[in-house]
$ cat structure08.txt   # compact mmCIF, N, CA and C atoms
# COMPACT_ATOMS: atom_id res chain seq x y z
N MET A 1 18.22 -5.97 6.18
CA MET A 1 16.99 -5.19 6.14
C MET A 1 17.32 -3.76 6.50
N ARG A 2 16.98 -2.88 5.63
CA ARG A 2 17.18 -1.46 5.86
C ARG A 2 15.83 -0.86 6.24
N LEU A 3 15.59 -0.71 7.54
CA LEU A 3 14.28 -0.29 8.04
C LEU A 3 13.92 1.12 7.61
N ILE A 4 14.88 2.03 7.68
CA ILE A 4 14.58 3.42 7.29
C ILE A 4 14.24 3.47 5.81
N ARG A 5 14.98 2.76 5.00
CA ARG A 5 14.71 2.72 3.56
C ARG A 5 13.32 2.13 3.30
N ALA A 6 13.01 1.03 3.95
CA ALA A 6 11.69 0.41 3.78
C ALA A 6 10.59 1.34 4.27
N GLY A 7 10.83 2.03 5.38
CA GLY A 7 9.85 2.97 5.90
C GLY A 7 9.60 4.12 4.95
N LEU A 8 10.65 4.66 4.36
CA LEU A 8 10.48 5.75 3.39
C LEU A 8 9.73 5.29 2.15
N PHE A 9 10.03 4.10 1.69
CA PHE A 9 9.30 3.56 0.54
C PHE A 9 7.83 3.33 0.90
N ALA A 10 7.57 2.92 2.13
CA ALA A 10 6.19 2.72 2.59
C ALA A 10 5.43 4.05 2.60
N ILE A 11 6.09 5.11 3.03
CA ILE A 11 5.45 6.44 3.02
C ILE A 11 5.16 6.88 1.60
N VAL A 12 6.10 6.67 0.70
CA VAL A 12 5.87 7.01 -0.71
C VAL A 12 4.69 6.21 -1.27
N LEU A 13 4.62 4.93 -0.93
CA LEU A 13 3.50 4.09 -1.37
C LEU A 13 2.18 4.65 -0.85
N TRP A 14 2.13 5.01 0.41
CA TRP A 14 0.90 5.54 1.00
C TRP A 14 0.50 6.84 0.30
N VAL A 15 1.46 7.72 0.03
CA VAL A 15 1.16 8.99 -0.65
C VAL A 15 0.63 8.73 -2.06
N LEU A 16 1.25 7.82 -2.79
CA LEU A 16 0.77 7.49 -4.14
C LEU A 16 -0.66 6.95 -4.11
N ILE A 17 -0.93 6.05 -3.18
CA ILE A 17 -2.28 5.48 -3.08
C ILE A 17 -3.27 6.55 -2.62
N PHE A 18 -2.85 7.44 -1.72
CA PHE A 18 -3.72 8.52 -1.27
C PHE A 18 -4.14 9.39 -2.46
N PHE A 19 -3.17 9.80 -3.28
CA PHE A 19 -3.50 10.63 -4.44
C PHE A 19 -4.32 9.87 -5.47
N GLU A 20 -4.00 8.61 -5.67
CA GLU A 20 -4.75 7.79 -6.63
C GLU A 20 -6.21 7.66 -6.20
N VAL A 21 -6.45 7.38 -4.93
CA VAL A 21 -7.82 7.25 -4.43
C VAL A 21 -8.53 8.61 -4.49
N SER A 22 -7.81 9.69 -4.17
CA SER A 22 -8.41 11.03 -4.24
C SER A 22 -8.84 11.37 -5.66
N ILE A 23 -8.00 11.04 -6.62
CA ILE A 23 -8.35 11.30 -8.03
C ILE A 23 -9.56 10.48 -8.44
N LEU A 24 -9.58 9.21 -8.04
CA LEU A 24 -10.72 8.36 -8.39
C LEU A 24 -12.01 8.87 -7.76
N MET A 25 -11.96 9.27 -6.50
CA MET A 25 -13.17 9.66 -5.79
C MET A 25 -13.61 11.08 -6.14
N PHE A 26 -12.68 12.02 -6.11
CA PHE A 26 -13.06 13.42 -6.29
C PHE A 26 -12.92 13.88 -7.74
N GLY A 27 -11.92 13.37 -8.44
CA GLY A 27 -11.72 13.77 -9.83
C GLY A 27 -12.67 13.08 -10.79
N LEU A 28 -12.82 11.77 -10.62
CA LEU A 28 -13.67 10.98 -11.53
C LEU A 28 -15.04 10.69 -10.95
N GLY A 29 -15.24 11.01 -9.69
CA GLY A 29 -16.55 10.80 -9.06
C GLY A 29 -16.91 9.35 -8.81
N LEU A 30 -15.92 8.50 -8.71
CA LEU A 30 -16.19 7.09 -8.42
C LEU A 30 -16.19 6.89 -6.90
N GLY A 31 -17.22 6.27 -6.39
CA GLY A 31 -17.31 6.04 -4.95
C GLY A 31 -16.84 4.67 -4.56
N GLU A 32 -16.79 4.44 -3.26
CA GLU A 32 -16.35 3.15 -2.73
C GLU A 32 -17.24 1.99 -3.18
N GLY A 33 -18.49 2.25 -3.39
CA GLY A 33 -19.41 1.18 -3.76
C GLY A 33 -19.34 0.79 -5.23
N ASN A 34 -18.60 1.54 -6.01
CA ASN A 34 -18.52 1.31 -7.45
C ASN A 34 -17.45 0.25 -7.75
N PRO A 35 -17.83 -0.82 -8.46
CA PRO A 35 -16.83 -1.85 -8.79
C PRO A 35 -15.70 -1.34 -9.68
N ILE A 36 -15.98 -0.32 -10.48
CA ILE A 36 -14.93 0.25 -11.33
C ILE A 36 -13.85 0.90 -10.45
N PHE A 37 -14.29 1.57 -9.38
CA PHE A 37 -13.35 2.17 -8.41
C PHE A 37 -12.43 1.09 -7.86
N HIS A 38 -12.99 -0.01 -7.40
CA HIS A 38 -12.19 -1.07 -6.79
C HIS A 38 -11.23 -1.71 -7.80
N THR A 39 -11.69 -1.87 -9.02
CA THR A 39 -10.84 -2.47 -10.05
C THR A 39 -9.65 -1.57 -10.37
N ILE A 40 -9.93 -0.30 -10.63
CA ILE A 40 -8.86 0.65 -10.96
C ILE A 40 -7.90 0.79 -9.78
N HIS A 41 -8.46 0.90 -8.59
CA HIS A 41 -7.62 1.05 -7.40
C HIS A 41 -6.73 -0.18 -7.20
N PHE A 42 -7.28 -1.35 -7.36
CA PHE A 42 -6.51 -2.58 -7.19
C PHE A 42 -5.35 -2.64 -8.18
N VAL A 43 -5.61 -2.28 -9.43
CA VAL A 43 -4.57 -2.32 -10.46
C VAL A 43 -3.47 -1.31 -10.15
N PHE A 44 -3.86 -0.06 -9.87
CA PHE A 44 -2.85 0.97 -9.61
C PHE A 44 -2.07 0.69 -8.32
N ALA A 45 -2.77 0.30 -7.26
CA ALA A 45 -2.08 0.00 -6.01
C ALA A 45 -1.09 -1.16 -6.21
N SER A 46 -1.48 -2.17 -6.98
CA SER A 46 -0.59 -3.30 -7.26
C SER A 46 0.64 -2.84 -8.04
N LEU A 47 0.44 -1.98 -9.03
CA LEU A 47 1.57 -1.45 -9.80
C LEU A 47 2.51 -0.64 -8.91
N PHE A 48 1.94 0.19 -8.03
CA PHE A 48 2.76 0.97 -7.11
C PHE A 48 3.61 0.06 -6.22
N VAL A 49 3.00 -0.99 -5.70
CA VAL A 49 3.71 -1.92 -4.82
C VAL A 49 4.82 -2.62 -5.58
N ILE A 50 4.54 -3.08 -6.78
CA ILE A 50 5.55 -3.78 -7.58
C ILE A 50 6.72 -2.86 -7.91
N VAL A 51 6.43 -1.65 -8.38
CA VAL A 51 7.49 -0.71 -8.76
C VAL A 51 8.32 -0.33 -7.54
N LEU A 52 7.67 0.00 -6.43
CA LEU A 52 8.42 0.37 -5.23
C LEU A 52 9.16 -0.83 -4.64
N GLY A 53 8.59 -2.02 -4.78
CA GLY A 53 9.28 -3.21 -4.32
C GLY A 53 10.57 -3.44 -5.10
N PHE A 54 10.50 -3.34 -6.42
CA PHE A 54 11.71 -3.49 -7.23
C PHE A 54 12.70 -2.37 -6.95
N ALA A 55 12.20 -1.15 -6.74
CA ALA A 55 13.09 -0.02 -6.43
C ALA A 55 13.79 -0.24 -5.09
N TYR A 56 13.05 -0.80 -4.12
CA TYR A 56 13.66 -1.07 -2.82
C TYR A 56 14.80 -2.09 -2.95
N PHE A 57 14.58 -3.12 -3.72
CA PHE A 57 15.57 -4.20 -3.84
C PHE A 57 16.64 -3.91 -4.90
N TYR A 58 16.59 -2.76 -5.57
CA TYR A 58 17.52 -2.48 -6.66
C TYR A 58 18.99 -2.39 -6.22
N PRO A 59 19.31 -1.65 -5.15
CA PRO A 59 20.73 -1.52 -4.80
C PRO A 59 21.36 -2.87 -4.40
N LYS A 60 22.62 -3.01 -4.67
CA LYS A 60 23.30 -4.27 -4.37
C LYS A 60 23.50 -4.47 -2.87
N LYS A 61 23.47 -3.40 -2.07
CA LYS A 61 23.70 -3.50 -0.64
C LYS A 61 22.50 -4.07 0.11
N VAL A 62 21.33 -4.01 -0.49
CA VAL A 62 20.11 -4.46 0.18
C VAL A 62 20.00 -5.98 0.07
N LYS A 63 19.73 -6.65 1.20
CA LYS A 63 19.54 -8.10 1.16
C LYS A 63 18.29 -8.42 0.36
N LYS A 64 18.37 -9.51 -0.39
CA LYS A 64 17.26 -9.93 -1.22
C LYS A 64 16.80 -11.32 -0.79
N GLY A 65 15.63 -11.70 -1.23
CA GLY A 65 15.12 -13.02 -0.91
C GLY A 65 13.66 -12.95 -0.48
N PHE A 66 13.03 -14.11 -0.42
CA PHE A 66 11.59 -14.13 -0.12
C PHE A 66 11.30 -13.64 1.29
N LEU A 67 12.18 -13.94 2.26
CA LEU A 67 11.95 -13.49 3.63
C LEU A 67 12.07 -11.96 3.72
N GLN A 68 13.05 -11.42 3.02
CA GLN A 68 13.20 -9.96 2.99
C GLN A 68 11.99 -9.31 2.33
N GLY A 69 11.50 -9.93 1.27
CA GLY A 69 10.29 -9.41 0.61
C GLY A 69 9.09 -9.44 1.54
N LEU A 70 8.96 -10.50 2.29
CA LEU A 70 7.87 -10.61 3.27
C LEU A 70 7.97 -9.50 4.31
N LEU A 71 9.17 -9.27 4.82
CA LEU A 71 9.37 -8.21 5.81
C LEU A 71 9.08 -6.83 5.24
N VAL A 72 9.51 -6.58 4.02
CA VAL A 72 9.23 -5.29 3.38
C VAL A 72 7.73 -5.12 3.21
N GLY A 73 7.03 -6.16 2.79
CA GLY A 73 5.58 -6.09 2.64
C GLY A 73 4.89 -5.79 3.95
N ILE A 74 5.34 -6.41 5.02
CA ILE A 74 4.75 -6.16 6.34
C ILE A 74 5.02 -4.71 6.76
N ILE A 75 6.22 -4.21 6.52
CA ILE A 75 6.54 -2.82 6.85
C ILE A 75 5.66 -1.87 6.03
N PHE A 76 5.49 -2.15 4.74
CA PHE A 76 4.61 -1.32 3.90
C PHE A 76 3.21 -1.25 4.50
N VAL A 77 2.68 -2.39 4.90
CA VAL A 77 1.31 -2.45 5.42
C VAL A 77 1.20 -1.76 6.77
N VAL A 78 2.14 -2.03 7.67
CA VAL A 78 2.07 -1.44 9.02
C VAL A 78 2.16 0.08 8.95
N ILE A 79 3.09 0.59 8.16
CA ILE A 79 3.22 2.05 8.06
C ILE A 79 2.00 2.64 7.37
N GLY A 80 1.44 1.95 6.38
CA GLY A 80 0.22 2.42 5.74
C GLY A 80 -0.94 2.50 6.73
N ILE A 81 -1.06 1.50 7.59
CA ILE A 81 -2.13 1.50 8.61
C ILE A 81 -1.92 2.65 9.59
N ILE A 82 -0.68 2.86 10.01
CA ILE A 82 -0.39 3.96 10.93
C ILE A 82 -0.75 5.30 10.30
N LEU A 83 -0.36 5.51 9.05
CA LEU A 83 -0.67 6.77 8.37
C LEU A 83 -2.18 6.93 8.17
N ASP A 84 -2.87 5.84 7.87
CA ASP A 84 -4.34 5.91 7.77
C ASP A 84 -4.95 6.30 9.10
N CYS A 85 -4.45 5.74 10.20
CA CYS A 85 -4.99 6.05 11.53
C CYS A 85 -4.72 7.50 11.94
N VAL A 86 -3.58 8.04 11.50
CA VAL A 86 -3.20 9.38 11.91
C VAL A 86 -3.76 10.45 10.97
N ILE A 87 -3.85 10.16 9.68
CA ILE A 87 -4.23 11.19 8.71
C ILE A 87 -5.58 10.91 8.06
N THR A 88 -5.70 9.80 7.37
CA THR A 88 -6.89 9.54 6.55
C THR A 88 -8.17 9.46 7.36
N ILE A 89 -8.18 8.64 8.38
CA ILE A 89 -9.43 8.41 9.12
C ILE A 89 -9.88 9.65 9.88
N PRO A 90 -9.01 10.33 10.66
CA PRO A 90 -9.50 11.51 11.38
C PRO A 90 -9.92 12.67 10.46
N ILE A 91 -9.23 12.83 9.34
CA ILE A 91 -9.50 13.98 8.48
C ILE A 91 -10.61 13.72 7.47
N PHE A 92 -10.67 12.50 6.92
CA PHE A 92 -11.61 12.25 5.82
C PHE A 92 -12.75 11.29 6.16
N ILE A 93 -12.49 10.29 6.98
CA ILE A 93 -13.50 9.26 7.24
C ILE A 93 -14.44 9.65 8.38
N ILE A 94 -13.90 10.06 9.50
CA ILE A 94 -14.73 10.40 10.67
C ILE A 94 -15.67 11.57 10.39
N PRO A 95 -15.23 12.65 9.73
CA PRO A 95 -16.16 13.74 9.45
C PRO A 95 -17.37 13.33 8.58
N GLN A 96 -17.22 12.26 7.83
CA GLN A 96 -18.33 11.78 7.00
C GLN A 96 -19.15 10.72 7.72
N GLY A 97 -18.95 10.59 9.02
CA GLY A 97 -19.73 9.64 9.81
C GLY A 97 -19.10 8.26 9.93
N GLY A 98 -17.89 8.10 9.45
CA GLY A 98 -17.21 6.80 9.52
C GLY A 98 -16.45 6.64 10.82
N SER A 99 -15.69 5.58 10.92
CA SER A 99 -14.89 5.32 12.12
C SER A 99 -13.66 4.50 11.74
N TYR A 100 -12.94 4.08 12.74
CA TYR A 100 -11.73 3.27 12.50
C TYR A 100 -12.06 1.87 12.00
N VAL A 101 -13.33 1.52 11.98
CA VAL A 101 -13.77 0.24 11.42
C VAL A 101 -13.43 0.19 9.92
N PHE A 102 -13.19 1.37 9.34
CA PHE A 102 -12.76 1.49 7.95
C PHE A 102 -11.60 0.54 7.65
N LEU A 103 -10.72 0.35 8.62
CA LEU A 103 -9.52 -0.46 8.40
C LEU A 103 -9.80 -1.95 8.24
N ILE A 104 -10.98 -2.40 8.64
CA ILE A 104 -11.26 -3.83 8.51
C ILE A 104 -12.29 -4.12 7.41
N LYS A 105 -12.48 -3.16 6.52
CA LYS A 105 -13.33 -3.44 5.37
C LYS A 105 -12.65 -4.51 4.52
N PRO A 106 -13.44 -5.38 3.91
CA PRO A 106 -12.83 -6.50 3.16
C PRO A 106 -11.85 -6.07 2.07
N TYR A 107 -12.18 -5.02 1.31
CA TYR A 107 -11.26 -4.64 0.23
C TYR A 107 -9.97 -4.03 0.78
N ILE A 108 -10.02 -3.41 1.95
CA ILE A 108 -8.80 -2.88 2.57
C ILE A 108 -7.92 -4.04 3.03
N LEU A 109 -8.54 -5.01 3.70
CA LEU A 109 -7.78 -6.18 4.17
C LEU A 109 -7.19 -6.97 3.00
N LEU A 110 -7.97 -7.12 1.94
CA LEU A 110 -7.48 -7.83 0.76
C LEU A 110 -6.28 -7.11 0.15
N GLN A 111 -6.35 -5.79 0.05
CA GLN A 111 -5.24 -5.03 -0.52
C GLN A 111 -4.00 -5.14 0.36
N GLU A 112 -4.18 -5.17 1.68
CA GLU A 112 -3.03 -5.31 2.57
C GLU A 112 -2.37 -6.68 2.42
N ILE A 113 -3.17 -7.71 2.35
CA ILE A 113 -2.63 -9.06 2.14
C ILE A 113 -1.94 -9.15 0.79
N TRP A 114 -2.55 -8.56 -0.23
CA TRP A 114 -1.99 -8.57 -1.58
C TRP A 114 -0.66 -7.81 -1.62
N THR A 115 -0.55 -6.73 -0.87
CA THR A 115 0.70 -5.97 -0.80
C THR A 115 1.81 -6.85 -0.24
N ILE A 116 1.52 -7.58 0.81
CA ILE A 116 2.53 -8.47 1.41
C ILE A 116 2.92 -9.57 0.42
N VAL A 117 1.95 -10.15 -0.26
CA VAL A 117 2.23 -11.21 -1.25
C VAL A 117 3.09 -10.66 -2.39
N LEU A 118 2.75 -9.48 -2.91
CA LEU A 118 3.53 -8.91 -4.01
C LEU A 118 4.97 -8.62 -3.58
N CYS A 119 5.15 -8.07 -2.41
CA CYS A 119 6.51 -7.80 -1.93
C CYS A 119 7.28 -9.10 -1.72
N PHE A 120 6.61 -10.11 -1.21
CA PHE A 120 7.20 -11.44 -1.04
C PHE A 120 7.70 -11.95 -2.40
N LEU A 121 6.86 -11.83 -3.42
CA LEU A 121 7.23 -12.31 -4.76
C LEU A 121 8.36 -11.49 -5.37
N VAL A 122 8.32 -10.16 -5.18
CA VAL A 122 9.39 -9.31 -5.70
C VAL A 122 10.72 -9.66 -5.03
N GLY A 123 10.69 -9.86 -3.72
CA GLY A 123 11.92 -10.25 -3.01
C GLY A 123 12.45 -11.58 -3.50
N MET A 124 11.54 -12.50 -3.79
CA MET A 124 11.94 -13.81 -4.27
C MET A 124 12.53 -13.71 -5.69
N ILE A 125 11.93 -12.90 -6.53
CA ILE A 125 12.42 -12.72 -7.90
C ILE A 125 13.77 -12.05 -7.89
N LYS A 126 13.93 -11.03 -7.06
CA LYS A 126 15.17 -10.28 -7.03
C LYS A 126 16.34 -11.06 -6.45
N LYS A 127 16.06 -12.18 -5.79
CA LYS A 127 17.15 -12.99 -5.24
C LYS A 127 17.99 -13.59 -6.37
N SER A 128 17.32 -13.94 -7.46
CA SER A 128 18.06 -14.58 -8.55
C SER A 128 18.74 -13.59 -9.45

$ encode --input "structure08.txt" --output "structure tokens"
Amino acid sequence: MRLIRAGLFAIVLWVLIFFEVSILMFGLGLGEGNPIFHTIHFVFASLFVIVLGFAYFYPKKVKKGFLQGLLVGIIFVVIGIILDCVITIPIFIIPQGGSYVFLIKPYILLQEIWTIVLCFLVGMIKKS
């Protein structure tokens, strides 16, 4: 397990999702309550996780396997939560009357679980 490598990939994932959500909300005017927003976000976030998961496991020096995929998924989620707590929530959510409860919204929790599952599957696929 290369923690620094996984951490850097997690930061890249968070930045990609941040820009994707910003484009959906501010560029296209889709809000959180819109099912189209959730559908597009789910698809793009899943693609980002899959691509970064395969990129993480690409070098021959990196251990592969379902357990490694699970660990990478957990690192992706934990670093994403930390970055949300430090950047997203204080700057964007709280000024609009929100709070840290944002992190336990059902679609956020579902996306975090899905990220772990996708990384688990990518690690399992890359083992062979």

$ atom_distance --input "structure08.txt" --atom1 "atom N of Ile40 in chain A" --atom2 "CA of Gly69 in chain A"
24.9 Å

$ closest_residue --input "structure08.txt" --among "A:Glu112, A:Ile89, A:Lys63, A:Phe18" --to "Val77 in chain A" --atoms "all atoms listed in the file"
A:Glu112

$ residues_around --input "structure08.txt" --residues "range 114-123 of chain A" --least-positions-apart "3" --cutoff "8 Å" --atoms "only C-alpha atoms" --output "ChimeraX atom specification"
/A:46,49-50,53-54,57,64-74,76-77,110-111,126-127

$ write_last_selection --input "structure08.txt" --atoms "N, CA and C atoms" --output "mmCIF file, in the coordinates of the input"
data_model
loop_
_atom_site.group_PDB
_atom_site.id
_atom_site.type_symbol
_atom_site.label_atom_id
_atom_site.label_comp_id
_atom_site.auth_asym_id
_atom_site.auth_seq_id
_atom_site.Cartn_x
_atom_site.Cartn_y
_atom_site.Cartn_z
ATOM 1 N N SER A 46 -1.480 -2.170 -6.980
ATOM 2 C CA SER A 46 -0.590 -3.300 -7.260
ATOM 3 C C SER A 46 0.640 -2.840 -8.040
ATOM 4 N N VAL A 49 3.000 -0.990 -5.700
ATOM 5 C CA VAL A 49 3.710 -1.920 -4.820
ATOM 6 C C VAL A 49 4.820 -2.620 -5.580
ATOM 7 N N ILE A 50 4.540 -3.080 -6.780
ATOM 8 C CA ILE A 50 5.550 -3.780 -7.580
ATOM 9 C C ILE A 50 6.720 -2.860 -7.910
ATOM 10 N N GLY A 53 8.590 -2.020 -4.780
ATOM 11 C CA GLY A 53 9.280 -3.210 -4.320
ATOM 12 C C GLY A 53 10.570 -3.440 -5.100
ATOM 13 N N PHE A 54 10.500 -3.340 -6.420
ATOM 14 C CA PHE A 54 11.710 -3.490 -7.230
ATOM 15 C C PHE A 54 12.700 -2.370 -6.950
ATOM 16 N N PHE A 57 14.580 -3.120 -3.720
ATOM 17 C CA PHE A 57 15.570 -4.200 -3.840
ATOM 18 C C PHE A 57 16.640 -3.910 -4.900
ATOM 19 N N LYS A 64 18.370 -9.510 -0.390
ATOM 20 C CA LYS A 64 17.260 -9.930 -1.220
ATOM 21 C C LYS A 64 16.800 -11.320 -0.790
ATOM 22 N N GLY A 65 15.630 -11.700 -1.230
ATOM 23 C CA GLY A 65 15.120 -13.020 -0.910
ATOM 24 C C GLY A 65 13.660 -12.950 -0.480
ATOM 25 N N PHE A 66 13.030 -14.110 -0.420
ATOM 26 C CA PHE A 66 11.590 -14.130 -0.120
ATOM 27 C C PHE A 66 11.300 -13.640 1.290
ATOM 28 N N LEU A 67 12.180 -13.940 2.260
ATOM 29 C CA LEU A 67 11.950 -13.490 3.630
ATOM 30 C C LEU A 67 12.070 -11.960 3.720
ATOM 31 N N GLN A 68 13.050 -11.420 3.020
ATOM 32 C CA GLN A 68 13.200 -9.960 2.990
ATOM 33 C C GLN A 68 11.990 -9.310 2.330
ATOM 34 N N GLY A 69 11.500 -9.930 1.270
ATOM 35 C CA GLY A 69 10.290 -9.410 0.610
ATOM 36 C C GLY A 69 9.090 -9.440 1.540
ATOM 37 N N LEU A 70 8.960 -10.500 2.290
ATOM 38 C CA LEU A 70 7.870 -10.610 3.270
ATOM 39 C C LEU A 70 7.970 -9.500 4.310
ATOM 40 N N LEU A 71 9.170 -9.270 4.820
ATOM 41 C CA LEU A 71 9.370 -8.210 5.810
ATOM 42 C C LEU A 71 9.080 -6.830 5.240
ATOM 43 N N VAL A 72 9.510 -6.580 4.020
ATOM 44 C CA VAL A 72 9.230 -5.290 3.380
ATOM 45 C C VAL A 72 7.730 -5.120 3.210
ATOM 46 N N GLY A 73 7.030 -6.160 2.790
ATOM 47 C CA GLY A 73 5.580 -6.090 2.640
ATOM 48 C C GLY A 73 4.890 -5.790 3.950
ATOM 49 N N ILE A 74 5.340 -6.410 5.020
ATOM 50 C CA ILE A 74 4.750 -6.160 6.340
ATOM 51 C C ILE A 74 5.020 -4.710 6.760
ATOM 52 N N PHE A 76 5.490 -2.150 4.740
ATOM 53 C CA PHE A 76 4.610 -1.320 3.900
ATOM 54 C C PHE A 76 3.210 -1.250 4.500
ATOM 55 N N VAL A 77 2.680 -2.390 4.900
ATOM 56 C CA VAL A 77 1.310 -2.450 5.420
ATOM 57 C C VAL A 77 1.200 -1.760 6.770
ATOM 58 N N LEU A 110 -7.970 -7.120 1.940
ATOM 59 C CA LEU A 110 -7.480 -7.830 0.760
ATOM 60 C C LEU A 110 -6.280 -7.110 0.150
ATOM 61 N N GLN A 111 -6.350 -5.790 0.050
ATOM 62 C CA GLN A 111 -5.240 -5.030 -0.520
ATOM 63 C C GLN A 111 -4.000 -5.140 0.360
ATOM 64 N N LYS A 126 13.930 -11.030 -7.060
ATOM 65 C CA LYS A 126 15.170 -10.280 -7.030
ATOM 66 C C LYS A 126 16.340 -11.060 -6.450
ATOM 67 N N LYS A 127 16.060 -12.180 -5.790
ATOM 68 C CA LYS A 127 17.150 -12.990 -5.240
ATOM 69 C C LYS A 127 17.990 -13.590 -6.370
#

$ residues_around --input "structure08.txt" --residues "Ile36 in chain A" --least-positions-apart "6" --cutoff "10 Å" --atoms "only C-alpha atoms" --output "number ranges by chain"
A: 24, 30, 42

$ atom_distance --input "structure08.txt" --atom1 "CA of Ile81 in chain A" --atom2 "CA of Pro95 in chain A"
18.6 Å

$ decode --input "structure08.txt" --residues "range 85-103 of chain A" --atoms "C-alpha atoms" --output "mmCIF file, in the first residue's frame"
data_model
loop_
_atom_site.group_PDB
_atom_site.id
_atom_site.type_symbol
_atom_site.label_atom_id
_atom_site.label_comp_id
_atom_site.auth_asym_id
_atom_site.auth_seq_id
_atom_site.Cartn_x
_atom_site.Cartn_y
_atom_site.Cartn_z
ATOM 1 C CA CYS A 85 -14.847 19.433 6.333
ATOM 2 C CA VAL A 86 -11.967 21.844 5.739
ATOM 3 C CA ILE A 87 -12.976 23.470 2.438
ATOM 4 C CA THR A 88 -16.445 22.704 1.098
ATOM 5 C CA ILE A 89 -18.586 22.983 4.211
ATOM 6 C CA PRO A 90 -17.064 26.141 5.772
ATOM 7 C CA ILE A 91 -16.831 28.022 2.469
ATOM 8 C CA PHE A 92 -19.945 26.898 0.578
ATOM 9 C CA ILE A 93 -22.404 25.080 2.853
ATOM 10 C CA ILE A 94 -22.370 27.042 6.124
ATOM 11 C CA PRO A 95 -22.766 30.494 4.485
ATOM 12 C CA GLN A 96 -25.972 29.211 2.855
ATOM 13 C CA GLY A 97 -27.372 28.164 6.229
ATOM 14 C CA GLY A 98 -26.145 24.565 6.132
ATOM 15 C CA SER A 99 -23.981 22.660 8.584
ATOM 16 C CA TYR A 100 -21.746 19.621 8.885
ATOM 17 C CA VAL A 101 -24.907 17.495 8.769
ATOM 18 C CA PHE A 102 -24.317 17.791 5.005
ATOM 19 C CA LEU A 103 -21.947 14.823 5.340
#
